[in-house]
>>> print(open('structure-v4.tsv').read())   # TSV, C-alpha atoms
chain	number	residue	atom	x	y	z
A	1	MET	CA	-42.92	19.37	0.25
A	2	ASN	CA	-44.38	16.68	2.51
A	3	SER	CA	-43.85	13.10	1.43
A	4	CYS	CA	-46.78	10.91	0.50
A	5	PRO	CA	-48.14	8.94	3.48
A	6	LEU	CA	-47.45	5.23	3.33
A	7	ARG	CA	-49.53	2.16	4.04
A	8	ASP	CA	-48.39	-0.58	6.41
A	9	ASP	CA	-46.81	-2.45	3.49
A	10	GLY	CA	-44.72	0.59	2.57
A	11	LYS	CA	-46.71	1.50	-0.55
A	12	PRO	CA	-48.08	5.06	-0.90
A	13	MET	CA	-51.66	5.64	0.20
A	14	MET	CA	-53.99	6.55	-2.68
A	15	PHE	CA	-57.26	8.44	-2.81
A	16	GLU	CA	-60.23	6.31	-3.87
A	17	SER	CA	-63.38	8.02	-5.11
A	18	LYS	CA	-66.63	7.05	-3.42
A	19	THR	CA	-68.37	7.43	-6.79
A	20	PRO	CA	-66.06	5.67	-9.28
A	21	HIS	CA	-66.17	6.53	-12.97
A	22	PHE	CA	-65.58	4.75	-16.24
A	23	PHE	CA	-66.02	5.80	-19.86
A	24	LYS	CA	-67.01	4.03	-23.06
A	25	ILE	CA	-66.40	5.03	-26.67
A	26	ILE	CA	-69.04	3.47	-28.90
A	27	LEU	CA	-67.05	1.61	-31.55
A	28	ASP	CA	-68.79	-1.73	-32.08
A	29	ASP	CA	-72.11	-3.29	-33.06
A	30	ASP	CA	-72.68	-4.73	-29.59
A	31	ALA	CA	-73.53	-1.32	-28.16
A	32	LEU	CA	-75.65	-0.28	-31.14
A	33	GLY	CA	-77.16	-3.12	-33.14
A	34	ASP	CA	-77.08	-5.89	-30.52
A	35	GLY	CA	-78.45	-3.76	-27.68
A	36	LYS	CA	-75.81	-4.33	-25.02
A	37	LEU	CA	-72.89	-2.40	-23.54
A	38	TYR	CA	-70.06	-4.16	-21.72
A	39	ILE	CA	-68.85	-2.66	-18.45
A	40	PRO	CA	-65.02	-2.48	-18.29
A	41	ARG	CA	-63.51	-5.61	-16.76
A	42	LYS	CA	-61.46	-3.74	-14.14
A	43	PHE	CA	-64.61	-1.97	-12.94
A	44	VAL	CA	-66.34	-5.37	-12.77
A	45	ARG	CA	-63.46	-6.82	-10.70
A	46	LEU	CA	-63.58	-3.94	-8.24
A	47	TYR	CA	-67.32	-3.30	-7.94
A	48	GLY	CA	-69.12	-6.08	-9.79
A	49	ASN	CA	-69.97	-8.12	-6.68
A	50	ASN	CA	-72.08	-5.23	-5.37
A	51	LEU	CA	-73.94	-4.55	-8.60
A	52	PRO	CA	-77.63	-5.58	-8.50
A	53	ASN	CA	-79.48	-7.23	-11.38
A	54	SER	CA	-80.74	-3.86	-12.58
A	55	VAL	CA	-79.49	-0.29	-12.25
A	56	ILE	CA	-80.67	3.22	-13.04
A	57	LEU	CA	-79.01	5.44	-15.65
A	58	LYS	CA	-79.58	9.12	-14.90
A	59	VAL	CA	-78.77	11.86	-17.42
A	60	PRO	CA	-78.20	15.55	-16.55
A	61	SER	CA	-81.79	16.49	-17.49
A	62	GLY	CA	-82.98	14.36	-14.56
A	63	ALA	CA	-84.49	11.58	-16.68
A	64	LYS	CA	-83.95	8.08	-15.28
A	65	TRP	CA	-83.81	4.81	-17.19
A	66	LYS	CA	-84.05	1.33	-15.69
A	67	ILE	CA	-81.50	-1.01	-17.30
A	68	GLU	CA	-81.14	-4.70	-16.55
A	69	LEU	CA	-77.68	-6.21	-16.20
A	70	THR	CA	-76.53	-9.52	-17.61
A	71	LYS	CA	-73.73	-11.31	-15.75
A	72	PHE	CA	-71.83	-14.19	-17.32
A	73	ASP	CA	-68.35	-15.68	-17.09
A	74	GLY	CA	-66.84	-12.74	-15.21
A	75	GLU	CA	-68.35	-10.11	-17.46
A	76	ILE	CA	-71.29	-7.75	-16.93
A	77	TRP	CA	-73.14	-5.72	-19.52
A	78	PHE	CA	-76.15	-3.41	-19.81
A	79	GLN	CA	-78.85	-5.21	-21.77
A	80	ASN	CA	-82.64	-4.91	-21.43
A	81	GLY	CA	-83.43	-1.23	-21.77
A	82	TRP	CA	-80.07	-0.26	-23.22
A	83	GLN	CA	-81.22	-0.24	-26.86
A	84	GLU	CA	-84.10	2.13	-26.02
A	85	PHE	CA	-81.65	4.41	-24.20
A	86	VAL	CA	-79.36	4.45	-27.26
A	87	LYS	CA	-82.20	5.33	-29.65
A	88	TYR	CA	-83.69	8.00	-27.41
A	89	TYR	CA	-80.43	9.95	-27.08
A	90	SER	CA	-79.25	9.28	-30.67
A	91	ILE	CA	-76.10	7.53	-29.46
A	92	ALA	CA	-74.07	6.60	-32.52
A	93	TYR	CA	-70.75	5.21	-33.67
A	94	GLY	CA	-68.06	7.44	-32.12
A	95	SER	CA	-70.19	8.72	-29.22
A	96	PHE	CA	-68.37	9.08	-25.89
A	97	LEU	CA	-70.14	8.29	-22.59
A	98	VAL	CA	-68.94	8.87	-19.02
A	99	PHE	CA	-70.51	6.79	-16.23
A	100	GLU	CA	-70.34	7.78	-12.54
A	101	TYR	CA	-71.47	5.01	-10.21
A	102	ASN	CA	-73.18	5.74	-6.91
A	103	PRO	CA	-73.15	2.47	-4.94
A	104	THR	CA	-75.61	3.75	-2.33
A	105	ASN	CA	-78.56	3.71	-4.75
A	106	SER	CA	-77.25	1.65	-7.71
A	107	GLU	CA	-77.45	4.65	-10.03
A	108	PHE	CA	-75.09	5.65	-12.81
A	109	ASN	CA	-74.95	9.32	-13.70
A	110	VAL	CA	-74.32	9.38	-17.45
A	111	ILE	CA	-72.88	12.23	-19.54
A	112	ILE	CA	-73.11	11.82	-23.32
A	113	PHE	CA	-70.79	13.44	-25.86
A	114	ASP	CA	-71.43	13.33	-29.61
A	115	THR	CA	-68.85	12.93	-32.38
A	116	SER	CA	-68.02	16.65	-32.27
A	117	ALA	CA	-66.64	16.08	-28.72
A	118	LEU	CA	-69.36	18.28	-27.19
A	119	GLU	CA	-71.96	17.20	-24.67
A	120	ILE	CA	-75.35	16.63	-26.29
A	121	HIS	CA	-78.50	18.62	-25.57
A	122	TYR	CA	-80.80	16.37	-23.56
A	123	PRO	CA	-84.54	16.40	-24.32
A	124	LEU	CA	-86.58	18.37	-21.80
A	125	GLU	CA	-89.50	16.29	-20.58
A	126	ILE	CA	-92.97	17.06	-19.31
A	127	ALA	CA	-92.04	15.96	-15.79
A	128	ASN	CA	-89.46	18.72	-15.50
A	129	ARG	CA	-92.40	20.97	-14.66
A	130	THR	CA	-93.72	21.38	-11.11
A	131	ILE	CA	-95.36	18.46	-9.35
A	132	GLU	CA	-98.78	20.10	-9.54
A	133	GLU	CA	-98.53	20.50	-13.31
A	134	SER	CA	-97.42	16.93	-14.04
A	135	ASN	CA	-100.11	14.94	-12.17
A	136	PRO	CA	-97.91	13.26	-9.52
A	137	GLU	CA	-100.29	10.40	-8.64
A	138	LYS	CA	-100.37	9.18	-12.26
A	139	GLN	CA	-96.61	9.65	-12.58
A	140	ILE	CA	-95.83	7.63	-9.43
A	141	TYR	CA	-98.13	4.86	-10.64
A	142	GLN	CA	-96.38	4.72	-14.03
A	143	GLU	CA	-92.96	4.62	-12.40
A	144	ASN	CA	-93.92	1.82	-10.01
A	145	GLU	CA	-95.47	-0.18	-12.83
A	146	ILE	CA	-92.21	-0.13	-14.78
A	147	LEU	CA	-90.11	-0.91	-11.73
A	148	ASN	CA	-92.30	-3.93	-11.03
A	149	HIS	CA	-92.04	-5.25	-14.62
A	150	LYS	CA	-95.79	-4.95	-15.20
A	151	THR	CA	-95.45	-3.04	-18.48
A	152	LYS	CA	-93.58	-5.37	-20.80
A	153	GLY	CA	-92.66	-3.76	-24.11
A	154	ASN	CA	-92.86	-0.19	-22.78
A	155	SER	CA	-89.90	2.15	-22.75
A	156	PRO	CA	-87.70	1.71	-19.65
A	157	LEU	CA	-87.65	5.49	-19.17
A	158	LEU	CA	-88.71	5.83	-15.53
A	159	PHE	CA	-89.00	9.52	-14.99
A	160	PRO	CA	-90.08	11.63	-16.76
A	161	GLN	CA	-92.52	10.22	-19.31
A	162	ARG	CA	-92.69	11.50	-22.89
A	163	SER	CA	-95.75	13.58	-23.73
A	164	ASN	CA	-98.12	12.60	-26.54
A	165	LYS	CA	-97.76	16.09	-27.98
A	166	LYS	CA	-94.02	15.65	-28.35
A	167	ILE	CA	-94.42	12.27	-30.06
A	168	LYS	CA	-96.92	13.69	-32.54
A	169	ARG	CA	-94.66	16.64	-33.24
A	170	GLU	CA	-91.69	14.37	-33.93
A	171	LYS	CA	-93.72	12.29	-36.35
A	172	SER	CA	-95.01	15.36	-38.14
A	173	THR	CA	-91.51	16.65	-38.79
A	174	GLY	CA	-90.43	13.42	-40.48
A	175	ASN	CA	-89.38	13.67	-44.11
A	176	THR	CA	-92.46	12.51	-46.01
A	177	ALA	CA	-91.77	14.28	-49.30
A	178	LYS	CA	-91.79	12.28	-52.50
A	179	SER	CA	-88.63	10.98	-54.08
A	180	LEU	CA	-86.83	12.88	-56.79
A	181	THR	CA	-87.96	12.14	-60.31
A	182	ALA	CA	-85.35	10.79	-62.71
A	183	LYS	CA	-85.22	14.20	-64.41
A	184	GLU	CA	-84.77	16.10	-61.13
A	185	LYS	CA	-82.06	13.71	-60.01
A	186	ALA	CA	-80.19	14.03	-63.32
A	187	GLU	CA	-80.35	17.84	-63.18
A	188	ALA	CA	-79.12	17.93	-59.57
A	189	LEU	CA	-76.18	15.65	-60.34
A	190	LYS	CA	-75.35	17.58	-63.53
A	191	THR	CA	-75.25	20.87	-61.62
A	192	ALA	CA	-72.95	19.43	-58.97
A	193	ASP	CA	-70.71	17.76	-61.56
A	194	SER	CA	-70.26	21.01	-63.49
A	195	ASN	CA	-69.14	22.82	-60.32
A	196	PHE	CA	-66.90	20.19	-58.74
A	197	LYS	CA	-63.40	19.25	-59.89
A	198	SER	CA	-60.88	17.06	-58.13
A	199	GLU	CA	-57.93	14.84	-58.91
A	200	ASN	CA	-59.02	12.45	-56.17
A	201	PRO	CA	-61.56	9.69	-56.82
A	202	PHE	CA	-65.07	10.68	-55.80
A	203	PHE	CA	-68.73	9.79	-56.17
A	204	MET	CA	-71.93	11.83	-55.97
A	205	VAL	CA	-75.25	11.01	-54.34
A	206	ALA	CA	-78.50	12.95	-54.71
A	207	MET	CA	-80.38	12.81	-51.44
A	208	GLN	CA	-83.54	10.73	-51.49
A	209	PRO	CA	-86.02	10.15	-48.61
A	210	THR	CA	-84.55	6.70	-47.93
A	211	TYR	CA	-81.20	8.34	-47.06
A	212	LEU	CA	-82.76	10.90	-44.74
A	213	ARG	CA	-85.72	9.46	-42.87
A	214	CYS	CA	-85.31	8.17	-39.34
A	215	GLY	CA	-86.28	4.58	-40.11
A	216	ASP	CA	-83.41	3.94	-42.52
A	217	ASN	CA	-80.62	6.46	-42.20
A	218	ARG	CA	-78.26	4.51	-44.42
A	219	LEU	CA	-76.39	5.81	-47.42
A	220	ALA	CA	-75.53	3.45	-50.26
A	221	ILE	CA	-72.04	3.72	-51.76
A	222	PRO	CA	-71.80	2.89	-55.49
A	223	PRO	CA	-70.63	-0.73	-55.97
A	224	SER	CA	-68.07	0.31	-58.61
A	225	PHE	CA	-66.46	2.71	-56.11
A	226	VAL	CA	-66.41	0.06	-53.39
A	227	LYS	CA	-64.82	-2.50	-55.70
A	228	GLU	CA	-62.06	-0.18	-56.95
A	229	TYR	CA	-61.12	1.85	-53.88
A	230	PHE	CA	-62.17	-0.10	-50.78
A	231	ASN	CA	-59.50	-2.79	-50.74
A	232	LYS	CA	-60.75	-4.53	-47.61
A	233	PRO	CA	-63.72	-4.29	-45.29
A	234	GLN	CA	-62.67	-1.55	-42.90
A	235	GLY	CA	-65.82	-1.43	-40.78
A	236	SER	CA	-65.70	2.36	-40.58
A	237	VAL	CA	-65.56	5.41	-42.81
A	238	ILE	CA	-64.58	8.91	-41.69
A	239	LEU	CA	-66.42	11.87	-43.22
A	240	SER	CA	-64.49	15.15	-43.34
A	241	ILE	CA	-66.17	18.54	-43.72
A	242	ASP	CA	-65.47	22.05	-42.43
A	243	GLY	CA	-62.40	20.76	-40.59
A	244	LYS	CA	-64.51	18.28	-38.61
A	245	LEU	CA	-64.24	14.50	-38.67
A	246	TRP	CA	-67.38	12.36	-38.45
A	247	PRO	CA	-66.82	8.63	-37.72
A	248	THR	CA	-69.46	6.42	-39.34
A	249	LYS	CA	-70.01	2.70	-39.44
A	250	CYS	CA	-69.73	1.05	-42.84
A	251	LYS	CA	-71.50	-2.23	-43.53
A	252	TYR	CA	-70.27	-4.32	-46.45
A	253	TYR	CA	-72.27	-6.71	-48.60
A	254	ASP	CA	-71.27	-9.11	-51.34
A	255	SER	CA	-73.93	-10.33	-53.73
A	256	ASP	CA	-72.66	-12.72	-56.41
A	257	GLY	CA	-69.19	-11.17	-56.33
A	258	ARG	CA	-70.54	-7.63	-56.61
A	259	PRO	CA	-69.42	-5.76	-53.47
A	260	SER	CA	-71.47	-2.92	-52.06
A	261	ALA	CA	-71.47	-0.90	-48.86
A	262	LYS	CA	-73.69	1.41	-46.83
A	263	LEU	CA	-72.93	4.06	-44.23
A	264	SER	CA	-75.00	3.41	-41.13
A	265	HIS	CA	-74.25	4.52	-37.56
A	266	GLY	CA	-73.09	8.14	-37.55
A	267	TRP	CA	-74.74	9.01	-40.87
A	268	LYS	CA	-77.97	10.10	-39.15
A	269	GLU	CA	-76.09	12.61	-37.00
A	270	PHE	CA	-74.34	13.94	-40.10
A	271	VAL	CA	-77.71	14.39	-41.86
A	272	ILE	CA	-79.11	16.29	-38.88
A	273	GLU	CA	-76.03	18.47	-38.34
A	274	TYR	CA	-75.89	19.65	-41.96
A	275	ARG	CA	-79.66	19.66	-42.48
A	276	LEU	CA	-79.58	17.58	-45.60
A	277	GLU	CA	-82.78	17.69	-47.63
A	278	ILE	CA	-84.21	15.86	-50.61
A	279	GLY	CA	-82.49	17.06	-53.78
A	280	ASP	CA	-79.22	18.07	-52.10
A	281	VAL	CA	-76.18	16.45	-53.70
A	282	CYS	CA	-73.28	15.22	-51.58
A	283	VAL	CA	-69.89	14.67	-53.21
A	284	PHE	CA	-67.71	12.15	-51.39
A	285	GLU	CA	-64.03	12.58	-52.25
A	286	LEU	CA	-61.54	9.91	-51.16
A	287	ILE	CA	-58.66	11.84	-49.56
A	288	ASP	CA	-57.16	9.07	-47.39
A	289	ARG	CA	-57.44	5.54	-48.67
A	290	CYS	CA	-55.66	3.89	-45.75
A	291	ASN	CA	-58.08	5.32	-43.18
A	292	THR	CA	-61.02	5.45	-45.60
A	293	THR	CA	-61.60	9.18	-45.19
A	294	LEU	CA	-64.09	10.90	-47.50
A	295	LYS	CA	-64.17	14.68	-47.81
A	296	VAL	CA	-67.78	15.82	-48.25
A	297	SER	CA	-68.97	18.76	-50.35
A	298	ILE	CA	-72.67	19.62	-50.27
A	299	PHE	CA	-74.57	21.21	-53.14
A	300	ARG	CA	-77.86	22.61	-51.88
A	301	HIS	CA	-80.95	22.11	-54.00
A	302	ILE	CA	-82.84	25.38	-54.58
A	303	GLY	CA	-86.03	24.24	-56.24
A	304	ASP	CA	-86.96	25.55	-59.67
A	305	ALA	CA	-84.01	27.93	-59.77
A	306	LYS	CA	-81.85	25.00	-60.91
A	307	LYS	CA	-78.96	26.39	-58.90
A	308	SER	CA	-76.87	25.06	-56.10
A	309	LEU	CA	-75.16	26.35	-53.01
A	310	TRP	CA	-71.85	24.61	-52.44
A	311	LEU	CA	-71.01	23.89	-48.81
A	312	GLY	CA	-67.85	22.17	-47.72
A	313	GLU	CA	-64.92	24.23	-48.94
>>> encode(input="structure-v4.tsv", output="structure tokens")
Amino acid sequence: MNSCPLRDDGKPMMFESKTPHFFKIILDDDALGDGKLYIPRKFVRLYGNNLPNSVILKVPSGAKWKIELTKFDGEIWFQNGWQEFVKYYSIAYGSFLVFEYNPTNSEFNVIIFDTSALEIHYPLEIANRTIEESNPEKQIYQENEILNHKTKGNSPLLFPQRSNKKIKREKSTGNTAKSLTAKEKAEALKTADSNFKSENPFFMVAMQPTYLRCGDNRLAIPPSFVKEYFNKPQGSVILSIDGKLWPTKCKYYDSDGRPSAKLSHGWKEFVIEYRLEIGDVCVFELIDRCNTTLKVSIFRHIGDAKKSLWLGE
């Protein structure tokens, strides 16, 4: 076997990629609630001097997003435009992103993985059609307007643009059903309670619109459960179901000495994956107190039949 070639200083020569990569695991509020994502410091040291004030993030579907960079005290982070990017691709606590930087055009190719460790399905846009179908003159005008900062408040998505039809369809599929009545909620919880037994501490929640709709997507944990079993603010809760682990963000509150908590980032993806609907009952069983892991069993609501389908064993 040939020996590794050496540099003039005697150290082995190394291959350096012309399109360097870095990855980020979304584990803090900066990338989600505060609308900024820090670029790794080593990447900044090596390539930061050549980074412009704004870059393009390009996903595998071909869509491009203009993101402004903030540079301060040796650090650089994605800021203006980042929060819209996060919302559009449902990036959540535990998501994994790989960035490939092309210094020739200041673009980052971005691959997004969800909490199941699989790459997400990227929305297909109207501009993925042929040029003749997508009205190129209007599209070029829209792209130039955004690049020139003449459309303040608009989405930083450069190309392609979202269609009005798609927006209307998304709104129409929102959960607008009425909340459960007190009687319906009591019956749903009674059915689940009669079918679930465990020696571990657990609590049950009947799904209401506020837990499911896109605007909220937070699940309240009973204060009594928080007080007795959550010894300290952990910042995260792991949901376990079907052999899968779902990291979620847990926000703690303390009102007059009465602690409470809500699941936030990651809960929306769980709702979508298991198609939770109003009237379903989720049982959250504490199986690992140290790591705050809750095993989830789902009892499906089947209308007037007053029966349940148990999912999660």
>>> closest_residue(input="structure-v4.tsv", among="A:Ser297, A:Asn291, A:Thr210, A:Ser90", to="Asp193 of chain A", atoms="only C-alpha atoms")
A:Ser297
>>> atom_distance(input="structure-v4.tsv", atom1="atom CA of Ala92 of chain A", atom2="atom CA of Lys251 of chain A")
14.3 Å
>>> atom_distance(input="structure-v4.tsv", atom1="atom CA of Leu263 of chain A", atom2="atom CA of Trp65 of chain A")
29.2 Å
>>> atom_distance(input="structure-v4.tsv", atom1="atom CA of Tyr252 of chain A", atom2="atom CA of Ile91 of chain A")
21.5 Å
>>> closest_residue(input="structure-v4.tsv", among="A:Leu294, A:Leu37, A:Ile221, A:Ile76", to="Tyr253 of chain A", atoms="only C-alpha atoms")
A:Ile221
>>> residues_near_point(input="structure-v4.tsv", point="(-65.6, 21.1, -36.7)", cutoff="12 Å", atoms="only C-alpha atoms", output="mmCIF file with C-alpha atoms, keeping the file's coordinate frame")
data_model
loop_
_atom_site.group_PDB
_atom_site.id
_atom_site.type_symbol
_atom_site.label_atom_id
_atom_site.label_comp_id
_atom_site.auth_asym_id
_atom_site.auth_seq_id
_atom_site.Cartn_x
_atom_site.Cartn_y
_atom_site.Cartn_z
ATOM 1 C CA THR A 115 -68.850 12.930 -32.380
ATOM 2 C CA SER A 116 -68.020 16.650 -32.270
ATOM 3 C CA ALA A 117 -66.640 16.080 -28.720
ATOM 4 C CA LEU A 118 -69.360 18.280 -27.190
ATOM 5 C CA LEU A 239 -66.420 11.870 -43.220
ATOM 6 C CA SER A 240 -64.490 15.150 -43.340
ATOM 7 C CA ILE A 241 -66.170 18.540 -43.720
ATOM 8 C CA ASP A 242 -65.470 22.050 -42.430
ATOM 9 C CA GLY A 243 -62.400 20.760 -40.590
ATOM 10 C CA LYS A 244 -64.510 18.280 -38.610
ATOM 11 C CA LEU A 245 -64.240 14.500 -38.670
ATOM 12 C CA TRP A 246 -67.380 12.360 -38.450
ATOM 13 C CA PHE A 270 -74.340 13.940 -40.100
ATOM 14 C CA GLU A 273 -76.030 18.470 -38.340
ATOM 15 C CA TYR A 274 -75.890 19.650 -41.960
ATOM 16 C CA GLY A 312 -67.850 22.170 -47.720
#
>>> closest_residue(input="structure-v4.tsv", among="A:Glu119, A:Tyr38, A:Lys71, A:Pro20", to="Phe99 of chain A", atoms="all atoms listed in the file")
A:Pro20
>>> residues_near_point(input="structure-v4.tsv", point="(-79.7, 7.3, -48.4)", cutoff="10 Å", atoms="all atoms listed in the file", output="list in words")
Val205, Ala206, Met207, Gln208, Pro209, Thr210, Tyr211, Leu212, Arg213, Asp216, Asn217, Arg218, Leu219, Ala220, Ile221, Lys262, Leu263, Ser264, Trp267, Lys268, Val271 and Ile278 of chain A
